[in-house]
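A.B. asks: So here's final_5.cif, just mmCIF, C-alpha atoms; chains and numbers go by the auth columns:
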```cif
data_upload
#
loop_
_atom_site.group_PDB
_atom_site.id
_atom_site.type_symbol
_atom_site.label_atom_id
_atom_site.label_comp_id
_atom_site.label_asym_id
_atom_site.label_seq_id
_atom_site.Cartn_x
_atom_site.Cartn_y
_atom_site.Cartn_z
_atom_site.B_iso_or_equiv
_atom_site.auth_seq_id
_atom_site.auth_asym_id
ATOM 1 C CA MET A 1 218.583 -0.269 30.861 0.00 1 E
ATOM 2 C CA THR A 2 220.185 -0.255 27.440 0.00 2 E
ATOM 3 C CA ASP A 3 222.920 2.014 26.164 0.00 3 E
ATOM 4 C CA THR A 4 220.449 4.225 24.331 0.00 4 E
ATOM 5 C CA LEU A 5 223.006 6.986 23.838 0.00 5 E
ATOM 6 C CA SER A 6 225.234 4.822 21.685 0.00 6 E
ATOM 7 C CA GLY A 7 222.681 2.509 20.113 0.00 7 E
ATOM 8 C CA SER A 8 224.021 -0.554 21.956 0.00 8 E
ATOM 9 C CA THR A 9 221.575 -3.054 23.478 0.00 9 E
ATOM 10 C CA GLN A 10 224.016 -3.892 26.271 0.00 10 E
ATOM 11 C CA THR A 11 223.317 -2.490 29.729 0.00 11 E
ATOM 12 C CA PRO A 12 226.090 0.029 30.448 0.00 12 E
ATOM 13 C CA LYS A 13 228.054 -0.280 33.679 0.00 13 E
ATOM 14 C CA LEU A 14 227.376 3.380 34.412 0.00 14 E
ATOM 15 C CA GLU A 15 224.652 5.528 32.886 0.00 15 E
ATOM 16 C CA ILE A 16 224.001 9.208 33.566 0.00 16 E
ATOM 17 C CA LEU A 17 220.677 10.623 32.362 0.00 17 E
ATOM 18 C CA ASN A 18 219.812 14.342 32.202 0.00 18 E
ATOM 19 C CA LEU A 19 221.784 15.246 35.326 0.00 19 E
ATOM 20 C CA LYS A 20 221.382 18.815 36.554 0.00 20 E
ATOM 21 C CA LYS A 21 223.004 20.626 39.488 0.00 21 E
ATOM 22 C CA SER A 22 222.876 24.357 40.152 0.00 22 E
ATOM 23 C CA PHE A 23 224.449 26.569 42.775 0.00 23 E
ATOM 24 C CA GLY A 24 222.246 29.651 42.832 0.00 24 E
ATOM 25 C CA ALA A 25 222.110 30.994 39.296 0.00 25 E
ATOM 26 C CA LEU A 26 225.102 28.885 38.179 0.00 26 E
ATOM 27 C CA ALA A 27 224.243 25.657 36.342 0.00 27 E
ATOM 28 C CA ALA A 28 227.286 23.517 37.200 0.00 28 E
ATOM 29 C CA THR A 29 225.907 20.523 35.284 0.00 29 E
ATOM 30 C CA ASN A 30 223.178 21.153 32.758 0.00 30 E
ATOM 31 C CA ASP A 31 221.297 18.139 31.375 0.00 31 E
ATOM 32 C CA VAL A 32 224.347 15.847 31.277 0.00 32 E
ATOM 33 C CA SER A 33 223.900 12.360 29.820 0.00 33 E
ATOM 34 C CA LEU A 34 226.636 9.803 29.141 0.00 34 E
ATOM 35 C CA THR A 35 227.361 6.093 29.448 0.00 35 E
ATOM 36 C CA VAL A 36 230.414 4.045 30.388 0.00 36 E
ATOM 37 C CA ARG A 37 230.460 0.512 29.050 0.00 37 E
ATOM 38 C CA ALA A 38 232.071 -2.567 30.576 0.00 38 E
ATOM 39 C CA GLY A 39 235.833 -2.535 30.022 0.00 39 E
ATOM 40 C CA GLU A 40 235.772 0.950 28.523 0.00 40 E
ATOM 41 C CA ILE A 41 237.763 4.045 29.410 0.00 41 E
ATOM 42 C CA HIS A 42 235.478 7.017 28.836 0.00 42 E
ATOM 43 C CA GLY A 43 237.310 10.347 28.950 0.00 43 E
ATOM 44 C CA LEU A 44 235.671 13.490 30.329 0.00 44 E
ATOM 45 C CA ILE A 45 237.385 16.716 29.264 0.00 45 E
ATOM 46 C CA GLY A 46 236.675 20.425 29.266 0.00 46 E
ATOM 47 C CA PRO A 47 238.099 23.765 30.363 0.00 47 E
ATOM 48 C CA ASN A 48 238.428 24.771 34.012 0.00 48 E
ATOM 49 C CA GLY A 49 234.995 25.512 35.423 0.00 49 E
ATOM 50 C CA ALA A 50 233.253 23.212 32.945 0.00 50 E
ATOM 51 C CA GLY A 51 231.604 21.206 35.743 0.00 51 E
ATOM 52 C CA LYS A 52 233.700 18.028 35.546 0.00 52 E
ATOM 53 C CA THR A 53 234.397 17.711 39.274 0.00 53 E
ATOM 54 C CA THR A 54 230.787 18.616 40.126 0.00 54 E
ATOM 55 C CA LEU A 55 229.640 15.819 37.826 0.00 55 E
ATOM 56 C CA ILE A 56 232.055 13.312 39.366 0.00 56 E
ATOM 57 C CA SER A 57 230.917 14.370 42.855 0.00 57 E
ATOM 58 C CA GLN A 58 227.301 13.656 41.903 0.00 58 E
ATOM 59 C CA ILE A 59 228.188 10.261 40.472 0.00 59 E
ATOM 60 C CA SER A 60 230.167 9.317 43.594 0.00 60 E
ATOM 61 C CA GLY A 61 227.418 10.503 45.954 0.00 61 E
ATOM 62 C CA GLU A 62 229.191 13.477 47.500 0.00 62 E
ATOM 63 C CA LEU A 63 226.623 15.784 45.884 0.00 63 E
ATOM 64 C CA ILE A 64 222.952 15.014 45.215 0.00 64 E
ATOM 65 C CA PRO A 65 221.717 16.229 41.808 0.00 65 E
ATOM 66 C CA ASP A 66 218.759 18.582 41.501 0.00 66 E
ATOM 67 C CA SER A 67 217.306 16.304 38.836 0.00 67 E
ATOM 68 C CA GLY A 68 218.277 13.416 36.583 0.00 68 E
ATOM 69 C CA GLN A 69 219.284 9.834 37.281 0.00 69 E
ATOM 70 C CA ILE A 70 222.429 7.743 37.828 0.00 70 E
ATOM 71 C CA PHE A 71 222.388 4.011 37.098 0.00 71 E
ATOM 72 C CA LEU A 72 224.998 1.412 38.043 0.00 72 E
ATOM 73 C CA ASP A 73 224.488 -1.888 36.194 0.00 73 E
ATOM 74 C CA GLY A 74 220.933 -0.759 35.447 0.00 74 E
ATOM 75 C CA VAL A 75 220.101 -0.022 39.093 0.00 75 E
ATOM 76 C CA ASP A 76 219.136 3.524 40.072 0.00 76 E
ATOM 77 C CA ILE A 77 221.671 4.794 42.637 0.00 77 E
ATOM 78 C CA THR A 78 220.797 8.496 42.347 0.00 78 E
ATOM 79 C CA ARG A 79 219.838 8.866 46.018 0.00 79 E
ATOM 80 C CA LEU A 80 222.267 6.390 47.555 0.00 80 E
ATOM 81 C CA PRO A 81 224.852 7.863 49.951 0.00 81 E
ATOM 82 C CA ALA A 82 228.493 7.669 48.898 0.00 82 E
ATOM 83 C CA TYR A 83 229.397 4.736 51.193 0.00 83 E
ATOM 84 C CA GLU A 84 226.568 2.619 49.759 0.00 84 E
ATOM 85 C CA ARG A 85 227.704 3.345 46.213 0.00 85 E
ATOM 86 C CA ALA A 86 231.173 2.124 47.134 0.00 86 E
ATOM 87 C CA ALA A 87 229.648 -1.046 48.560 0.00 87 E
ATOM 88 C CA VAL A 88 227.856 -1.836 45.270 0.00 88 E
ATOM 89 C CA GLY A 89 230.877 -1.325 43.040 0.00 89 E
ATOM 90 C CA LEU A 90 231.675 2.363 42.497 0.00 90 E
ATOM 91 C CA ALA A 91 235.052 3.820 43.553 0.00 91 E
ATOM 92 C CA ARG A 92 236.407 7.353 43.203 0.00 92 E
ATOM 93 C CA SER A 93 240.082 8.176 43.312 0.00 93 E
ATOM 94 C CA PHE A 94 242.569 10.986 42.708 0.00 94 E
ATOM 95 C CA GLN A 95 242.601 14.786 42.554 0.00 95 E
ATOM 96 C CA ILE A 96 242.458 15.280 46.340 0.00 96 E
ATOM 97 C CA SER A 97 244.649 12.884 48.287 0.00 97 E
ATOM 98 C CA GLN A 98 243.039 11.454 51.445 0.00 98 E
ATOM 99 C CA LEU A 99 245.776 9.212 52.757 0.00 99 E
ATOM 100 C CA TYR A 100 246.977 8.547 56.312 0.00 100 E
ATOM 101 C CA ASN A 101 250.549 9.804 56.082 0.00 101 E
ATOM 102 C CA ASP A 102 251.670 8.415 59.462 0.00 102 E
ATOM 103 C CA LEU A 103 250.535 4.865 58.679 0.00 103 E
ATOM 104 C CA THR A 104 252.164 2.377 56.348 0.00 104 E
ATOM 105 C CA VAL A 105 251.261 1.933 52.715 0.00 105 E
ATOM 106 C CA GLU A 106 249.755 -1.472 53.456 0.00 106 E
ATOM 107 C CA ASP A 107 247.795 -0.128 56.450 0.00 107 E
ATOM 108 C CA ASN A 108 246.114 2.466 54.238 0.00 108 E
ATOM 109 C CA VAL A 109 244.860 -0.144 51.798 0.00 109 E
ATOM 110 C CA ALA A 110 243.885 -2.604 54.555 0.00 110 E
ATOM 111 C CA MET A 111 241.712 0.007 56.220 0.00 111 E
ATOM 112 C CA ALA A 112 239.958 0.680 52.927 0.00 112 E
ATOM 113 C CA VAL A 113 239.233 -3.058 52.670 0.00 113 E
ATOM 114 C CA GLN A 114 237.986 -3.040 56.268 0.00 114 E
ATOM 115 C CA ALA A 115 235.621 -0.156 55.538 0.00 115 E
ATOM 116 C CA GLN A 116 233.809 -2.418 53.034 0.00 116 E
ATOM 117 C CA THR A 117 233.134 -5.105 55.654 0.00 117 E
ATOM 118 C CA ASN A 118 230.603 -5.246 58.469 0.00 118 E
ATOM 119 C CA LYS A 119 233.319 -5.819 61.054 0.00 119 E
ATOM 120 C CA ARG A 120 233.262 -3.508 64.065 0.00 120 E
ATOM 121 C CA PHE A 121 236.470 -3.654 65.994 0.00 121 E
ATOM 122 C CA ASN A 122 239.525 -1.613 66.886 0.00 122 E
ATOM 123 C CA PHE A 123 240.124 0.424 63.731 0.00 123 E
ATOM 124 C CA TRP A 124 243.932 0.386 63.873 0.00 124 E
ATOM 125 C CA ARG A 125 245.135 -2.666 65.742 0.00 125 E
ATOM 126 C CA GLU A 126 242.891 -5.352 64.261 0.00 126 E
ATOM 127 C CA ALA A 127 243.433 -4.195 60.687 0.00 127 E
ATOM 128 C CA ARG A 128 247.137 -4.902 61.140 0.00 128 E
ATOM 129 C CA LYS A 129 246.534 -8.544 62.132 0.00 129 E
ATOM 130 C CA ASP A 130 243.570 -9.717 60.065 0.00 130 E
ATOM 131 C CA PRO A 131 244.660 -11.763 57.001 0.00 131 E
ATOM 132 C CA SER A 132 241.262 -11.131 55.351 0.00 132 E
ATOM 133 C CA LEU A 133 242.314 -7.478 55.192 0.00 133 E
ATOM 134 C CA ARG A 134 246.033 -7.842 54.592 0.00 134 E
ATOM 135 C CA GLU A 135 245.841 -10.288 51.690 0.00 135 E
ATOM 136 C CA PRO A 136 243.569 -8.190 49.420 0.00 136 E
ATOM 137 C CA ALA A 137 245.608 -5.118 50.395 0.00 137 E
ATOM 138 C CA ARG A 138 248.820 -6.766 49.264 0.00 138 E
ATOM 139 C CA ARG A 139 247.202 -7.995 46.039 0.00 139 E
ATOM 140 C CA ALA A 140 246.120 -4.442 45.206 0.00 140 E
ATOM 141 C CA LEU A 141 249.592 -3.075 45.975 0.00 141 E
ATOM 142 C CA ASP A 142 251.155 -5.722 43.769 0.00 142 E
ATOM 143 C CA GLN A 143 248.759 -4.794 40.967 0.00 143 E
ATOM 144 C CA VAL A 144 250.006 -1.193 40.921 0.00 144 E
ATOM 145 C CA GLY A 145 253.672 -2.031 41.520 0.00 145 E
ATOM 146 C CA LEU A 146 253.910 -0.901 45.149 0.00 146 E
ATOM 147 C CA LEU A 147 254.245 -4.200 46.997 0.00 147 E
ATOM 148 C CA ASP A 148 257.912 -3.542 47.760 0.00 148 E
ATOM 149 C CA ARG A 149 256.866 -0.265 49.443 0.00 149 E
ATOM 150 C CA ALA A 150 254.172 -1.849 51.633 0.00 150 E
ATOM 151 C CA GLY A 151 256.018 -1.314 54.921 0.00 151 E
ATOM 152 C CA LEU A 152 256.916 2.340 54.354 0.00 152 E
ATOM 153 C CA ARG A 153 255.010 5.188 55.916 0.00 153 E
ATOM 154 C CA VAL A 154 252.957 7.058 53.346 0.00 154 E
ATOM 155 C CA SER A 155 254.871 10.237 54.212 0.00 155 E
ATOM 156 C CA GLU A 156 258.003 8.568 52.779 0.00 156 E
ATOM 157 C CA LEU A 157 256.469 8.033 49.332 0.00 157 E
ATOM 158 C CA ALA A 158 257.123 10.209 46.317 0.00 158 E
ATOM 159 C CA HIS A 159 254.151 12.088 44.888 0.00 159 E
ATOM 160 C CA GLY A 160 253.743 9.633 42.009 0.00 160 E
ATOM 161 C CA GLU A 161 253.809 6.689 44.425 0.00 161 E
ATOM 162 C CA LYS A 162 250.999 8.284 46.419 0.00 162 E
ATOM 163 C CA ARG A 163 248.965 8.375 43.223 0.00 163 E
ATOM 164 C CA GLN A 164 249.694 4.664 42.758 0.00 164 E
ATOM 165 C CA LEU A 165 248.559 4.064 46.350 0.00 165 E
ATOM 166 C CA GLU A 166 245.286 5.882 45.711 0.00 166 E
ATOM 167 C CA LEU A 167 244.733 3.622 42.730 0.00 167 E
ATOM 168 C CA ALA A 168 245.508 0.544 44.864 0.00 168 E
ATOM 169 C CA ILE A 169 242.899 1.677 47.385 0.00 169 E
ATOM 170 C CA ALA A 170 240.291 2.029 44.646 0.00 170 E
ATOM 171 C CA LEU A 171 241.134 -1.434 43.285 0.00 171 E
ATOM 172 C CA SER A 172 240.973 -3.013 46.758 0.00 172 E
ATOM 173 C CA LEU A 173 237.309 -2.014 47.071 0.00 173 E
ATOM 174 C CA LYS A 174 236.309 -4.619 44.444 0.00 174 E
ATOM 175 C CA ALA A 175 234.736 -1.893 42.359 0.00 175 E
ATOM 176 C CA SER A 176 233.579 -2.537 38.816 0.00 176 E
ATOM 177 C CA VAL A 177 233.437 1.175 37.946 0.00 177 E
ATOM 178 C CA LEU A 178 236.313 3.562 38.676 0.00 178 E
ATOM 179 C CA LEU A 179 235.986 7.357 38.719 0.00 179 E
ATOM 180 C CA LEU A 180 239.492 8.699 38.197 0.00 180 E
ATOM 181 C CA ASP A 181 239.756 12.438 38.804 0.00 181 E
ATOM 182 C CA GLU A 182 242.924 13.916 37.233 0.00 182 E
ATOM 183 C CA PRO A 183 245.333 11.031 37.907 0.00 183 E
ATOM 184 C CA MET A 184 248.198 12.833 36.161 0.00 184 E
ATOM 185 C CA ALA A 185 247.954 16.015 38.260 0.00 185 E
ATOM 186 C CA GLY A 186 251.338 16.950 39.705 0.00 186 E
ATOM 187 C CA LEU A 187 253.224 14.039 38.137 0.00 187 E
ATOM 188 C CA GLY A 188 256.577 14.345 36.395 0.00 188 E
ATOM 189 C CA ALA A 189 257.258 12.882 32.961 0.00 189 E
ATOM 190 C CA GLU A 190 258.420 9.456 34.220 0.00 190 E
ATOM 191 C CA GLU A 191 255.626 9.241 36.815 0.00 191 E
ATOM 192 C CA SER A 192 253.077 10.102 34.122 0.00 192 E
ATOM 193 C CA ARG A 193 254.473 7.377 31.879 0.00 193 E
ATOM 194 C CA LEU A 194 254.121 4.816 34.669 0.00 194 E
ATOM 195 C CA MET A 195 250.581 5.953 35.521 0.00 195 E
ATOM 196 C CA LYS A 196 249.603 5.758 31.859 0.00 196 E
ATOM 197 C CA ASN A 197 250.892 2.174 31.763 0.00 197 E
ATOM 198 C CA PHE A 198 248.929 1.286 34.924 0.00 198 E
ATOM 199 C CA LEU A 199 245.729 2.684 33.452 0.00 199 E
ATOM 200 C CA GLN A 200 246.349 0.900 30.155 0.00 200 E
ATOM 201 C CA ASP A 201 246.644 -2.363 32.093 0.00 201 E
ATOM 202 C CA LEU A 202 243.232 -1.708 33.695 0.00 202 E
ATOM 203 C CA LYS A 203 241.553 -1.227 30.341 0.00 203 E
ATOM 204 C CA GLY A 204 239.145 -4.045 29.618 0.00 204 E
ATOM 205 C CA LYS A 205 239.004 -5.059 33.294 0.00 205 E
ATOM 206 C CA TYR A 206 237.052 -2.093 34.661 0.00 206 E
ATOM 207 C CA ALA A 207 234.645 0.528 33.400 0.00 207 E
ATOM 208 C CA ILE A 208 236.526 3.803 33.905 0.00 208 E
ATOM 209 C CA LEU A 209 235.369 7.412 33.753 0.00 209 E
ATOM 210 C CA LEU A 210 238.584 9.411 33.384 0.00 210 E
ATOM 211 C CA VAL A 211 238.751 13.160 34.063 0.00 211 E
ATOM 212 C CA GLU A 212 242.062 14.503 32.821 0.00 212 E
ATOM 213 C CA HIS A 213 243.583 17.728 31.477 0.00 213 E
ATOM 214 C CA ASP A 214 246.452 15.972 29.676 0.00 214 E
ATOM 215 C CA MET A 215 244.960 15.514 26.220 0.00 215 E
ATOM 216 C CA ASP A 216 247.756 13.222 25.044 0.00 216 E
ATOM 217 C CA ILE A 217 246.878 10.810 27.869 0.00 217 E
ATOM 218 C CA VAL A 218 243.129 11.035 27.218 0.00 218 E
ATOM 219 C CA PHE A 219 243.456 10.444 23.486 0.00 219 E
ATOM 220 C CA ALA A 220 245.906 7.569 24.039 0.00 220 E
ATOM 221 C CA LEU A 221 243.741 5.751 26.588 0.00 221 E
ATOM 222 C CA ALA A 222 240.075 6.584 26.005 0.00 222 E
ATOM 223 C CA ASP A 223 237.688 4.600 23.829 0.00 223 E
ATOM 224 C CA ARG A 224 235.230 7.502 23.826 0.00 224 E
ATOM 225 C CA VAL A 225 235.415 11.083 25.075 0.00 225 E
ATOM 226 C CA THR A 226 232.726 13.496 26.271 0.00 226 E
ATOM 227 C CA VAL A 227 233.493 17.215 26.108 0.00 227 E
ATOM 228 C CA LEU A 228 231.881 19.371 28.805 0.00 228 E
ATOM 229 C CA VAL A 229 231.668 23.171 28.439 0.00 229 E
ATOM 230 C CA TYR A 230 229.842 25.391 30.950 0.00 230 E
ATOM 231 C CA GLY A 231 228.193 22.336 32.473 0.00 231 E
ATOM 232 C CA THR A 232 226.813 21.093 29.148 0.00 232 E
ATOM 233 C CA PRO A 233 228.100 18.158 27.055 0.00 233 E
ATOM 234 C CA ILE A 234 228.767 19.470 23.546 0.00 234 E
ATOM 235 C CA PHE A 235 230.096 16.282 21.926 0.00 235 E
ATOM 236 C CA THR A 236 230.764 12.583 22.580 0.00 236 E
ATOM 237 C CA GLY A 237 232.804 10.439 20.232 0.00 237 E
ATOM 238 C CA THR A 238 236.047 8.597 19.655 0.00 238 E
ATOM 239 C CA PRO A 239 239.302 10.501 20.226 0.00 239 E
ATOM 240 C CA ALA A 240 239.667 10.931 16.460 0.00 240 E
ATOM 241 C CA GLU A 241 236.125 12.304 16.163 0.00 241 E
ATOM 242 C CA VAL A 242 236.712 14.694 19.078 0.00 242 E
ATOM 243 C CA ARG A 243 239.904 16.018 17.493 0.00 243 E
ATOM 244 C CA GLU A 244 238.104 16.744 14.227 0.00 244 E
ATOM 245 C CA ASN A 245 234.885 18.187 15.660 0.00 245 E
ATOM 246 C CA GLU A 246 234.629 21.885 14.890 0.00 246 E
ATOM 247 C CA ALA A 247 232.591 22.811 17.966 0.00 247 E
ATOM 248 C CA VAL A 248 235.117 21.084 20.240 0.00 248 E
ATOM 249 C CA ARG A 249 238.063 22.765 18.562 0.00 249 E
ATOM 250 C CA ASP A 250 236.414 26.165 18.886 0.00 250 E
ATOM 251 C CA ALA A 251 235.352 25.700 22.509 0.00 251 E
ATOM 252 C CA TYR A 252 238.297 23.830 23.996 0.00 252 E
ATOM 253 C CA LEU A 253 241.045 22.242 21.917 0.00 253 E
ATOM 254 C CA GLY A 254 241.819 25.282 19.790 0.00 254 E
ATOM 255 C CA ARG A 255 242.883 25.365 16.173 0.00 255 E
ATOM 256 C CA GLU A 256 246.351 24.761 14.795 0.00 256 E
ATOM 257 C CA ASP A 257 245.811 27.584 12.304 0.00 257 E
#
```
Take the structure from the file and write it as structure tokens.

C.D. replies:
Amino acid sequence: MTDTLSGSTQTPKLEILNLKKSFGALAATNDVSLTVRAGEIHGLIGPNGAGKTTLISQISGELIPDSGQIFLDGVDITRLPAYERAAVGLARSFQISQLYNDLTVEDNVAMAVQAQTNKRFNFWREARKDPSLREPARRALDQVGLLDRAGLRVSELAHGEKRQLELAIALSLKASVLLLDEPMAGLGAEESRLMKNFLQDLKGKYAILLVEHDMDIVFALADRVTVLVYGTPIFTGTPAEVRENEAVRDAYLGRED
């Protein structure tokens, strides 16, 4: 498929077409369409209750849409379960931490690597010994600056370091598309600066759909931004275009005057 929404003839890494999901009378996502291109950070913003997390949950496979389609590299994955989407290159991270606090940092990443293989063996013991699991785990930890913390229990990490670990887990899955759900949530100023730098380093290497409330971060990192209000996309454009769009300013960003 081509990037018909932007006029590009290149097949987008991720394409969402006319996605709808309702809970009773509430339309959580209402005819949502957007694309994420290779190497691009595409921001997704909107007020609380706009449907951002519901949209991400449909893309990741945790929720099945009522209608519409989801394409990964031109292949329809709309009905694939979440674990199969991860196997073909889609990884979700952040917002809700799902880490094993009593295991080491390296163990957590190694088990994520193991989950992508067809190996069936003792879940804990073998993962600690298998170099095919440990080596990619250590590479991912090095990529996010946590290699020197590999032997610590997750419970010993600071909140910002746990966010880095979640990112390492996503990277270890060999995904080409990353769904990052509020990576700055709960971070202090220095932790946010470090996370921003990590995400900047990923730009150009992955296609990233970034959900984030920190507008300074979104506008600094994103190539394009989609604004979602009451489940409906009201505008997609560059950060500069989003800032200047009257409908966006009225519905979400507010006016300086």

A.B. asks: Using Å and a single decimal, report how far atom CA of Ile45 of chain E sits from atom CA of Ala247 of chain E.

C.D. replies: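 Interatomic distance here is 13.7 Å.
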
A.B. asks: Of the candidates E:Ala251, E:Ala207, E:Leu72, E:Leu221, which shows the shortest atom-to-atom distance to Phe235 of chain E, using only C-alpha atoms?

C.D. replies: E:Ala251

A.B. asks: Counting all atoms listed in the file, what is within 9 Å of segment 171-186 of chain E, bar same-chain residues fewer than 5 positions away, as a ChimeraX atom specification?

C.D. replies: /E:13-14,36,38,52-53,56,59-60,72,86-96,109-110,112-113,115-116,136-137,139-141,143,159-160,163,166,191-192,195-196,205-214,217

A.B. asks: So, with all atoms listed in the file as the atoms that count, which of E:Gln98, E:Thr104, E:Thr238, E:Thr232 lies closest to Leu19 of chain E?

C.D. replies: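 Among E:Gln98, E:Thr104, E:Thr238, E:Thr232, it is E:Thr232 that comes nearest to Leu19 of chain E.
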
A.B. asks: Kindly indicate which residue among E:Ser132, E:Ser155, E:Gln69, E:Gln10 lies nearest to Val32 of chain E, using all atoms listed in the file for the distances.

C.D. replies: E:Gln69

A.B. asks: Assuming the input is short of atoms at segment 15-39 of chain E, produce N, CA and C atoms for that part as an mmCIF file, in the frame of the given file.

C.D. replies:
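Saved result, part25.cif, follows:
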```
data_model
loop_
_atom_site.group_PDB
_atom_site.id
_atom_site.type_symbol
_atom_site.label_atom_id
_atom_site.label_comp_id
_atom_site.auth_asym_id
_atom_site.auth_seq_id
_atom_site.Cartn_x
_atom_site.Cartn_y
_atom_site.Cartn_z
ATOM 1 N N GLU E 15 225.450 4.705 33.791
ATOM 2 C CA GLU E 15 224.652 5.528 32.886
ATOM 3 C C GLU E 15 224.171 6.769 33.624
ATOM 4 N N ILE E 16 224.415 7.920 33.029
ATOM 5 C CA ILE E 16 224.001 9.208 33.566
ATOM 6 C C ILE E 16 222.937 9.767 32.632
ATOM 7 N N LEU E 17 221.769 10.123 33.185
ATOM 8 C CA LEU E 17 220.677 10.623 32.362
ATOM 9 C C LEU E 17 220.220 11.997 32.854
ATOM 10 N N ASN E 18 220.393 13.008 32.001
ATOM 11 C CA ASN E 18 219.812 14.342 32.202
ATOM 12 C C ASN E 18 220.128 14.930 33.574
ATOM 13 N N LEU E 19 221.392 14.801 33.995
ATOM 14 C CA LEU E 19 221.784 15.246 35.326
ATOM 15 C C LEU E 19 221.931 16.769 35.361
ATOM 16 N N LYS E 20 221.309 17.365 36.382
ATOM 17 C CA LYS E 20 221.382 18.815 36.554
ATOM 18 C C LYS E 20 221.750 19.146 38.003
ATOM 19 N N LYS E 21 222.634 20.135 38.160
ATOM 20 C CA LYS E 21 223.004 20.626 39.488
ATOM 21 C C LYS E 21 223.341 22.103 39.371
ATOM 22 N N SER E 22 222.642 22.919 40.159
ATOM 23 C CA SER E 22 222.876 24.357 40.152
ATOM 24 C C SER E 22 223.270 24.838 41.532
ATOM 25 N N PHE E 23 224.096 25.862 41.547
ATOM 26 C CA PHE E 23 224.449 26.569 42.775
ATOM 27 C C PHE E 23 224.003 28.017 42.576
ATOM 28 N N GLY E 24 222.833 28.349 43.107
ATOM 29 C CA GLY E 24 222.246 29.651 42.832
ATOM 30 C C GLY E 24 221.898 29.756 41.362
ATOM 31 N N ALA E 25 222.398 30.799 40.717
ATOM 32 C CA ALA E 25 222.110 30.994 39.296
ATOM 33 C C ALA E 25 223.062 30.227 38.388
ATOM 34 N N LEU E 26 224.103 29.599 38.977
ATOM 35 C CA LEU E 26 225.102 28.885 38.179
ATOM 36 C C LEU E 26 224.687 27.435 37.952
ATOM 37 N N ALA E 27 224.537 27.053 36.693
ATOM 38 C CA ALA E 27 224.243 25.657 36.342
ATOM 39 C C ALA E 27 225.561 24.914 36.179
ATOM 40 N N ALA E 28 225.991 24.202 37.226
ATOM 41 C CA ALA E 28 227.286 23.517 37.200
ATOM 42 C C ALA E 28 227.253 22.304 36.283
ATOM 43 N N THR E 29 226.146 21.569 36.289
ATOM 44 C CA THR E 29 225.907 20.523 35.284
ATOM 45 C C THR E 29 224.510 20.757 34.725
ATOM 46 N N ASN E 30 224.415 20.752 33.412
ATOM 47 C CA ASN E 30 223.178 21.153 32.758
ATOM 48 C C ASN E 30 222.737 20.084 31.766
ATOM 49 N N ASP E 31 221.874 19.177 32.240
ATOM 50 C CA ASP E 31 221.297 18.139 31.375
ATOM 51 C C ASP E 31 222.381 17.219 30.808
ATOM 52 N N VAL E 32 223.235 16.703 31.696
ATOM 53 C CA VAL E 32 224.347 15.847 31.277
ATOM 54 C C VAL E 32 223.889 14.393 31.168
ATOM 55 N N SER E 33 224.155 13.784 30.035
ATOM 56 C CA SER E 33 223.900 12.360 29.820
ATOM 57 C C SER E 33 225.144 11.730 29.205
ATOM 58 N N LEU E 34 225.539 10.575 29.733
ATOM 59 C CA LEU E 34 226.636 9.803 29.141
ATOM 60 C C LEU E 34 226.587 8.387 29.682
ATOM 61 N N THR E 35 227.271 7.480 29.007
ATOM 62 C CA THR E 35 227.361 6.093 29.448
ATOM 63 C C THR E 35 228.822 5.655 29.479
ATOM 64 N N VAL E 36 229.112 4.706 30.362
ATOM 65 C CA VAL E 36 230.414 4.045 30.388
ATOM 66 C C VAL E 36 230.153 2.550 30.309
ATOM 67 N N ARG E 37 230.703 1.927 29.287
ATOM 68 C CA ARG E 37 230.460 0.512 29.050
ATOM 69 C C ARG E 37 231.469 -0.352 29.786
ATOM 70 N N ALA E 38 231.158 -1.621 29.930
ATOM 71 C CA ALA E 38 232.071 -2.567 30.576
ATOM 72 C C ALA E 38 233.404 -2.593 29.841
ATOM 73 N N GLY E 39 234.502 -2.468 30.595
ATOM 74 C CA GLY E 39 235.833 -2.535 30.022
ATOM 75 C C GLY E 39 236.300 -1.299 29.292
#
```
